[in-house]
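Shown next, in structure tokens, is the structure this report addresses.
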Amino acid sequence: MAGQKGNYIMEDLVFIHDFKSEPYTTSDIVSEFSGVKPKRIRELITRHFNDFE
């Protein structure tokens with residue numbers, strides 16, 4: 001579950017609003033489960049944004 005390290009399930013990491021929406025996650029979730037500071041995650045996303053499209 002969110003907040004735990006180690007044992008987690010996909011529902012803790014990826015969200016879907018409805019069946020027509022794209023799945024997504026947040027920088028806070030990535031930070032929590034990767035151990036990387038949220039600011040650093042946002043910097044990396046900004047730097048590599050075009051690679052995600």
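Naming works like this for the structure tokens: A, B, ... for the chains as they're shown, residue 1 at the start of each chain, ligands 1 onward in shown order.
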Exercise. Skip Ser27 of chain A itself and residues of its chain fewer than 5 positions away, then list as a PyMOL selection string all residues within 12 Å of it, counting only C-alpha atoms.
Key: chain A and resi 13-14+32-46
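For the pair atom CA of Asn50 of chain A and atom CA of Val30 of chain A, the interatomic distance is 18.5 Å.
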Quiz item: How many Å lie between atom CA of His48 of chain A and atom CA of Ile29 of chain A, rounded to one decimal?
Solution: 18.0 Å
